[in-house]
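S.K.: Provided herewith is a single structure, encoded as structure tokens, for subsequent inquiry.
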Amino acid sequence: MMQRREFLAAGTGAMTAVLLPQLSRRALASETAEYTLTAGAVPFSPLPGMNFSGLGFNGTIPGPLLRVVHGQRLRATFINQTGQGSTIHWHGMILPNKMDGSEGVTQAAVKPGGSFVYEFSPDPPGTRWYHDHVSNGLLRGLFGMIIVEDPRDMRPDAEFALVFHDVPKMPTVDAAMHGISTAPMLDPLNSPELNDMPPGDRMGDEVAFSAHCINGASYPNAKKLAVKVGQHVRLRILNANPTQTRYVRLAGHRLTVTHSDGNPLPRPVEVDALRVGVAERYDAWFEVSGPGSWLLQGLSSDPLAYEQAAVVYTPGMENAPPLSSPQSLEGVDYFTYVKAAGTTGAMPPRGAKHYDFVLDDGKYGSSRWTINGRTYPNTPRIDVRRNDLVTVRFTNKTDMDHPMHLHGHVFDVTEVDGTALARPLPKDTSLVRANEGTLSWRFRADSPPGRWLLHCHNAIHMMDGMMTEVVYTA
Ligand code: C2O
Ligand code: CU
């Protein structure tokens with residue numbers, strides 16, 4: 001049997017010799033991939049007895065998995081039947097600004113009954129996603145994964161696209177926006193989220209969830225993943241939860257992480273579990289260790305956590321009791337940016353344009369989440385000229401992590417909590433640690449000109465003002 005190290009090495013070397021899968025060859029036959037995405041009401045019932053009045057694309061939560069081959073064009077006709085304004089944002093894509101789907105910034109909301117055609121060449125390749133960018137559409141289910149196949153990737157024996165998502169209790173969303181939610185934190189034991197929390201802290205900003213799902217269903221209804229002994233399996237994982245970091249673990253296996261937010265890591269990293277911030281994606285591989293049945297789980301200390309699981313099984317083991325992992329990070333080697341990129345003594349150099357952004361507020365009873373003391377649209381903007389090298393350093397004064405996201409660019413993470421990274425880590429969303437955590441980005445202003453949002457992807461923080469823009473000036 002091929003060892004893990006060899007198979008990854010083979011992946012970076014002999015790629016031209018590898019056949020594209022059926023889907024790619026079929027897709028390549030046409031230059032434009034055409035999709036229609038109709039957003040509308042979805043009565044969502046991931047568990048017997050649960051009825052969530054959701055919104056979804058083409059009648060499902062999450063929306064359909066879109067696949068294109070890098071180099072193809074995408075034409076997505078969006079039809080809005082939600083009864084409220086809506087847009088589609090293509091998270092992680094570098095695309096013409098007017099196709100970015102940022103309501104009020106790059107386009108007006110598509111009105112109920114209206115439509116809009118999104119057309120662009122999806123770039124860069126990798127695991128990306130699409131979602132509503134108006135009010136509560138994302139919270140209610142308007143999201144899905146899009147895979148831009150990279151013909152240079154090594155071929156897995158099996159591949160699974162997995163959207164981890166949750167059903168919010170909508171009244172807690174409103175309470176959290178006003179800083180008066182009573183929902184508790186439910187991160188797994190020994191997670192930095194829980195460990196960083198000062199004792200007796202009054203939260204006020206947590207959203208409660210009534211179900212945890214993978215691809216639209218809760219355990220045991222989540223679709224089982226059939227594998228065979230010795231196969232090299234690729235998982236593409238998205239955390240579509242609006243507020244919570246997800247720890248993802250497959251019992252009985254280590255995971256080899258190859259991509260973060262769809263972008264190749266400087267080198268693959270082997271871990272026990274993934275740590276997936278809101279809106280982040282990871283590609284992770286494993287080699288099926290032997291005959292068996294194992295749970296792939298989203299860990300949490302929510303009593304409902306076991307619901308966010310899918311069975312991975314080899315032939316004949318479909319109904320065997322699956323091996324599971326404890327809902328704790330005690331002794332668990334999970335993915336971190338530092339693990340992926342290594343560290344060096346020196347601090348990263350500042351770009352010609354440097355910004356220091358202090359993330360603050362969100363105190364109990366507050367409905368403000370700020371950048372340098374202000375809420376959007378009064379936050380400091382980043383004005384760039386073509387080809388500027390921009391660095392941004394975030395300092396987090398709050399007691400929650402912030403998944404900071406930049407539209408229309410891939411940035412390099414260059415520093416985490418005062419430690420410079422040895423190799424740049426290309427991402428579009430990155431977690432800034434709570435309680436004085438810091439994190440730095442570096443990016444070249446070489447995207448199509450326009451206005452690109454920069455914001456916290458925690459839906460509460462974003463709606464409460466933790467947002468700004470990168471603006472290309474003439
Ligand atoms: Cu997932 Cu403003 O984006
Ligand atoms: Cu935030």
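Note on naming: chains are A, B, ... as they come in the structure tokens, residues start from 1 per chain, ligands start from 1 in the order shown.
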Dump as JSON lines the rows for residues of chain A within 6 Å of ligand 2: closest atom pair and distance in Å with one decimal, only C-alpha atoms and all ligand atoms counted, ordered by chain and rising residue number.

M.R.:
{"residue": "A:His402", "atom": "CA", "partner": "ligand 2", "partner_atom_place_in_ligand_line": "1 (Cu)", "distance": 3.7}
{"residue": "A:Pro403", "atom": "CA", "partner": "ligand 2", "partner_atom_place_in_ligand_line": "1 (Cu)", "distance": 5.9}
{"residue": "A:Cys456", "atom": "CA", "partner": "ligand 2", "partner_atom_place_in_ligand_line": "1 (Cu)", "distance": 4.6}
{"residue": "A:Asn458", "atom": "CA", "partner": "ligand 2", "partner_atom_place_in_ligand_line": "1 (Cu)", "distance": 4.9}
{"residue": "A:His461", "atom": "CA", "partner": "ligand 2", "partner_atom_place_in_ligand_line": "1 (Cu)", "distance": 4.7}

S.K.: Atoms to include: C-alpha atoms. Write the selected residues as a short mmCIF file (atom, residue, chain, number, x, y, z; two decimals), in the first residue's frame.

M.R.:
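Result file follows (out31.cif):
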data_model
loop_
_atom_site.label_atom_id
_atom_site.label_comp_id
_atom_site.auth_asym_id
_atom_site.auth_seq_id
_atom_site.Cartn_x
_atom_site.Cartn_y
_atom_site.Cartn_z
CA HIS A 402 -13.26 37.19 14.39
CA PRO A 403 -13.21 35.43 11.01
CA CYS A 456 -16.00 39.86 9.93
CA ASN A 458 -19.66 36.28 11.99
CA HIS A 461 -20.63 41.16 13.93
#

S.K.: Could you name the residues that touch region 246-258 of chain A at 7 Å or less, counting only C-alpha atoms, but leaving out those on the same chain fewer than 3 positions away, as a PyMOL selection string?

M.R.: chain A and resi 239+264-265+268-277+282-286+294-299+323-325

S.K.: Gly113 (chain A): which residues within 12 Å, counting only C-alpha atoms, same-chain residues fewer than 6 positions away excluded, as a list in words?

M.R.: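 These residues fall inside the cut-off: Thr38, Ala39, Gly40, Phe78, Ile79, Asn80, Gln81, Thr82, Gly83, Gln84, Gly85 and Ser86 of chain A.
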
S.K.: Include all heavy atoms and write out the residues we just selected as a PDB file, in the first residue's frame.

M.R.:
ATOM      1  N   THR A  38     -32.499  29.411  -8.295  1.00  0.00           N
ATOM      2  CA  THR A  38     -33.736  30.063  -7.885  1.00  0.00           C
ATOM      3  C   THR A  38     -33.820  30.035  -6.358  1.00  0.00           C
ATOM      4  O   THR A  38     -33.831  28.956  -5.757  1.00  0.00           O
ATOM      5  CB  THR A  38     -34.958  29.347  -8.501  1.00  0.00           C
ATOM      6  OG1 THR A  38     -34.792  29.342  -9.936  1.00  0.00           O
ATOM      7  CG2 THR A  38     -36.253  30.062  -8.141  1.00  0.00           C
ATOM      8  N   ALA A  39     -33.824  31.216  -5.775  1.00  0.00           N
ATOM      9  CA  ALA A  39     -33.909  31.302  -4.311  1.00  0.00           C
ATOM     10  C   ALA A  39     -35.358  31.426  -3.901  1.00  0.00           C
ATOM     11  O   ALA A  39     -36.099  32.229  -4.470  1.00  0.00           O
ATOM     12  CB  ALA A  39     -33.111  32.505  -3.816  1.00  0.00           C
ATOM     13  N   GLY A  40     -35.754  30.634  -2.915  1.00  0.00           N
ATOM     14  CA  GLY A  40     -37.131  30.696  -2.451  1.00  0.00           C
ATOM     15  C   GLY A  40     -37.292  30.014  -1.109  1.00  0.00           C
ATOM     16  O   GLY A  40     -36.322  29.523  -0.526  1.00  0.00           O
ATOM     17  N   PHE A  78     -29.674  34.014 -11.613  1.00  0.00           N
ATOM     18  CA  PHE A  78     -30.243  34.044 -10.262  1.00  0.00           C
ATOM     19  C   PHE A  78     -31.666  34.567 -10.350  1.00  0.00           C
ATOM     20  O   PHE A  78     -31.917  35.642 -10.900  1.00  0.00           O
ATOM     21  CB  PHE A  78     -29.373  34.951  -9.386  1.00  0.00           C
ATOM     22  CG  PHE A  78     -29.965  35.270  -8.041  1.00  0.00           C
ATOM     23  CD1 PHE A  78     -30.477  34.267  -7.230  1.00  0.00           C
ATOM     24  CD2 PHE A  78     -29.994  36.574  -7.570  1.00  0.00           C
ATOM     25  CE1 PHE A  78     -31.015  34.557  -5.986  1.00  0.00           C
ATOM     26  CE2 PHE A  78     -30.522  36.876  -6.322  1.00  0.00           C
ATOM     27  CZ  PHE A  78     -31.039  35.866  -5.534  1.00  0.00           C
ATOM     28  N   ILE A  79     -32.589  33.804  -9.822  1.00  0.00           N
ATOM     29  CA  ILE A  79     -33.995  34.218  -9.792  1.00  0.00           C
ATOM     30  C   ILE A  79     -34.405  34.327  -8.324  1.00  0.00           C
ATOM     31  O   ILE A  79     -34.251  33.367  -7.566  1.00  0.00           O
ATOM     32  CB  ILE A  79     -34.888  33.200 -10.546  1.00  0.00           C
ATOM     33  CG1 ILE A  79     -34.429  33.118 -12.016  1.00  0.00           C
ATOM     34  CG2 ILE A  79     -36.363  33.592 -10.454  1.00  0.00           C
ATOM     35  CD1 ILE A  79     -35.062  31.999 -12.807  1.00  0.00           C
ATOM     36  N   ASN A  80     -34.882  35.497  -7.958  1.00  0.00           N
ATOM     37  CA  ASN A  80     -35.185  35.739  -6.548  1.00  0.00           C
ATOM     38  C   ASN A  80     -36.668  35.582  -6.257  1.00  0.00           C
ATOM     39  O   ASN A  80     -37.473  36.452  -6.579  1.00  0.00           O
ATOM     40  CB  ASN A  80     -34.717  37.145  -6.148  1.00  0.00           C
ATOM     41  CG  ASN A  80     -35.018  37.451  -4.694  1.00  0.00           C
ATOM     42  OD1 ASN A  80     -35.362  36.553  -3.927  1.00  0.00           O
ATOM     43  ND2 ASN A  80     -34.889  38.714  -4.322  1.00  0.00           N
ATOM     44  N   GLN A  81     -37.011  34.468  -5.622  1.00  0.00           N
ATOM     45  CA  GLN A  81     -38.410  34.264  -5.208  1.00  0.00           C
ATOM     46  C   GLN A  81     -38.517  34.164  -3.684  1.00  0.00           C
ATOM     47  O   GLN A  81     -39.374  33.464  -3.163  1.00  0.00           O
ATOM     48  CB  GLN A  81     -38.971  33.006  -5.892  1.00  0.00           C
ATOM     49  CG  GLN A  81     -39.088  33.225  -7.405  1.00  0.00           C
ATOM     50  CD  GLN A  81     -39.541  31.994  -8.161  1.00  0.00           C
ATOM     51  OE1 GLN A  81     -39.612  30.905  -7.607  1.00  0.00           O
ATOM     52  NE2 GLN A  81     -39.841  32.172  -9.437  1.00  0.00           N
ATOM     53  N   THR A  82     -37.614  34.863  -3.009  1.00  0.00           N
ATOM     54  CA  THR A  82     -37.599  34.783  -1.542  1.00  0.00           C
ATOM     55  C   THR A  82     -38.614  35.708  -0.885  1.00  0.00           C
ATOM     56  O   THR A  82     -38.894  35.576   0.300  1.00  0.00           O
ATOM     57  CB  THR A  82     -36.217  35.195  -0.987  1.00  0.00           C
ATOM     58  OG1 THR A  82     -35.955  36.557  -1.375  1.00  0.00           O
ATOM     59  CG2 THR A  82     -35.110  34.302  -1.511  1.00  0.00           C
ATOM     60  N   GLY A  83     -39.114  36.674  -1.660  1.00  0.00           N
ATOM     61  CA  GLY A  83     -39.988  37.672  -1.044  1.00  0.00           C
ATOM     62  C   GLY A  83     -39.224  38.795  -0.356  1.00  0.00           C
ATOM     63  O   GLY A  83     -39.812  39.683   0.247  1.00  0.00           O
ATOM     64  N   GLN A  84     -37.900  38.742  -0.423  1.00  0.00           N
ATOM     65  CA  GLN A  84     -37.083  39.830   0.121  1.00  0.00           C
ATOM     66  C   GLN A  84     -35.923  40.077  -0.835  1.00  0.00           C
ATOM     67  O   GLN A  84     -35.641  39.261  -1.709  1.00  0.00           O
ATOM     68  CB  GLN A  84     -36.581  39.485   1.535  1.00  0.00           C
ATOM     69  CG  GLN A  84     -35.692  38.259   1.613  1.00  0.00           C
ATOM     70  CD  GLN A  84     -35.419  37.809   3.054  1.00  0.00           C
ATOM     71  OE1 GLN A  84     -36.333  37.698   3.872  1.00  0.00           O
ATOM     72  NE2 GLN A  84     -34.172  37.536   3.367  1.00  0.00           N
ATOM     73  N   GLY A  85     -35.235  41.219  -0.683  1.00  0.00           N
ATOM     74  CA  GLY A  85     -34.095  41.508  -1.535  1.00  0.00           C
ATOM     75  C   GLY A  85     -33.010  40.466  -1.343  1.00  0.00           C
ATOM     76  O   GLY A  85     -32.831  39.946  -0.246  1.00  0.00           O
ATOM     77  N   SER A  86     -32.261  40.159  -2.417  1.00  0.00           N
ATOM     78  CA  SER A  86     -31.218  39.143  -2.298  1.00  0.00           C
ATOM     79  C   SER A  86     -30.172  39.336  -3.390  1.00  0.00           C
ATOM     80  O   SER A  86     -30.437  39.957  -4.433  1.00  0.00           O
ATOM     81  CB  SER A  86     -31.857  37.745  -2.407  1.00  0.00           C
ATOM     82  OG  SER A  86     -30.887  36.739  -2.240  1.00  0.00           O
TER      83      SER A  86
END

S.K.: Grab me every residue within 10 Å of ligand 1, counting only C-alpha atoms and all ligand atoms, and send it over as a tab-separated table (two decimals) with C-alpha atoms, in the first residue's frame.

M.R.:
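And here's pocket-v8.tsv as it stands now:
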chain	number	residue	atom	x	y	z
A	88	ILE	CA	-25.32	36.07	-4.64
A	89	HIS	CA	-21.80	36.67	-3.42
A	90	TRP	CA	-19.09	34.35	-4.77
A	91	HIS	CA	-16.90	33.92	-1.73
A	92	GLY	CA	-13.21	33.50	-2.50
A	100	ASP	CA	-19.28	40.24	-6.58
A	101	GLY	CA	-22.86	40.36	-5.31
A	102	SER	CA	-22.29	42.83	-2.48
A	103	GLU	CA	-25.62	44.50	-1.92
A	128	ARG	CA	-15.18	28.10	-2.77
A	129	TRP	CA	-18.77	28.95	-1.95
A	130	TYR	CA	-21.64	31.21	-2.79
A	131	HIS	CA	-24.18	32.87	-0.53
A	132	ASP	CA	-26.72	35.64	-0.15
A	133	HIS	CA	-25.24	39.01	0.84
A	134	VAL	CA	-28.37	40.82	2.04
A	138	LEU	CA	-27.36	33.46	4.66
A	143	PHE	CA	-25.58	29.18	0.63
A	240	ALA	CA	-21.36	27.64	6.72
A	242	PRO	CA	-23.02	31.99	10.72
A	278	VAL	CA	-16.88	30.67	9.91
A	279	ALA	CA	-16.73	30.74	6.07
A	280	GLU	CA	-13.37	28.92	5.90
A	404	MET	CA	-12.04	38.39	8.92
A	405	HIS	CA	-12.77	38.10	5.20
A	406	LEU	CA	-11.72	40.12	2.15
A	407	HIS	CA	-13.74	40.00	-1.06
A	408	GLY	CA	-12.09	39.67	-4.46
A	428	ASP	CA	-9.58	34.69	1.98
A	429	THR	CA	-10.87	34.36	5.57
A	452	TRP	CA	-14.26	45.19	-2.21
A	453	LEU	CA	-15.77	44.51	1.19
A	454	LEU	CA	-13.57	43.55	4.13
A	455	HIS	CA	-15.58	42.26	7.09
A	456	CYS	CA	-16.00	39.86	9.93
A	457	HIS	CA	-17.91	36.83	8.66
A	458	ASN	CA	-19.66	36.28	11.99
A	459	ALA	CA	-23.12	37.33	10.75
A	462	MET	CA	-21.00	41.97	10.26
A	467	MET	CA	-16.91	45.93	8.05

S.K.: Choose the residue, out of A:Pro171, A:Pro156, A:Gly104, A:Pro192, that has the smallest atom-to-atom separation from Ala208 (chain A); count only C-alpha atoms.

M.R.: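 Smallest distance to Ala208 (chain A) is found for A:Pro171.
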
S.K.: Go through A:Val227, A:Leu194, A:Val413, A:Ala474 and flag the residue nearest Ala434 (chain A), using only C-alpha atoms for the distances.

M.R.: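 Once distances to Ala434 (chain A) are computed over only C-alpha atoms, the minimum belongs to A:Leu194.
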
S.K.: Give me, please, the distance in Å between CA of Arg368 (chain A) and CA of Ala176 (chain A), quoted to one decimal.

M.R.: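 These atoms are spaced 10.8 Å apart.
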
S.K.: Applying 10 Å and only C-alpha atoms, which residues near Thr60 (chain A) remain after dropping the ones on its own chain fewer than 3 positions away? List them as a PyMOL selection string.

M.R.: chain A and resi 39-44+54-57+63-64+141-144+215-216
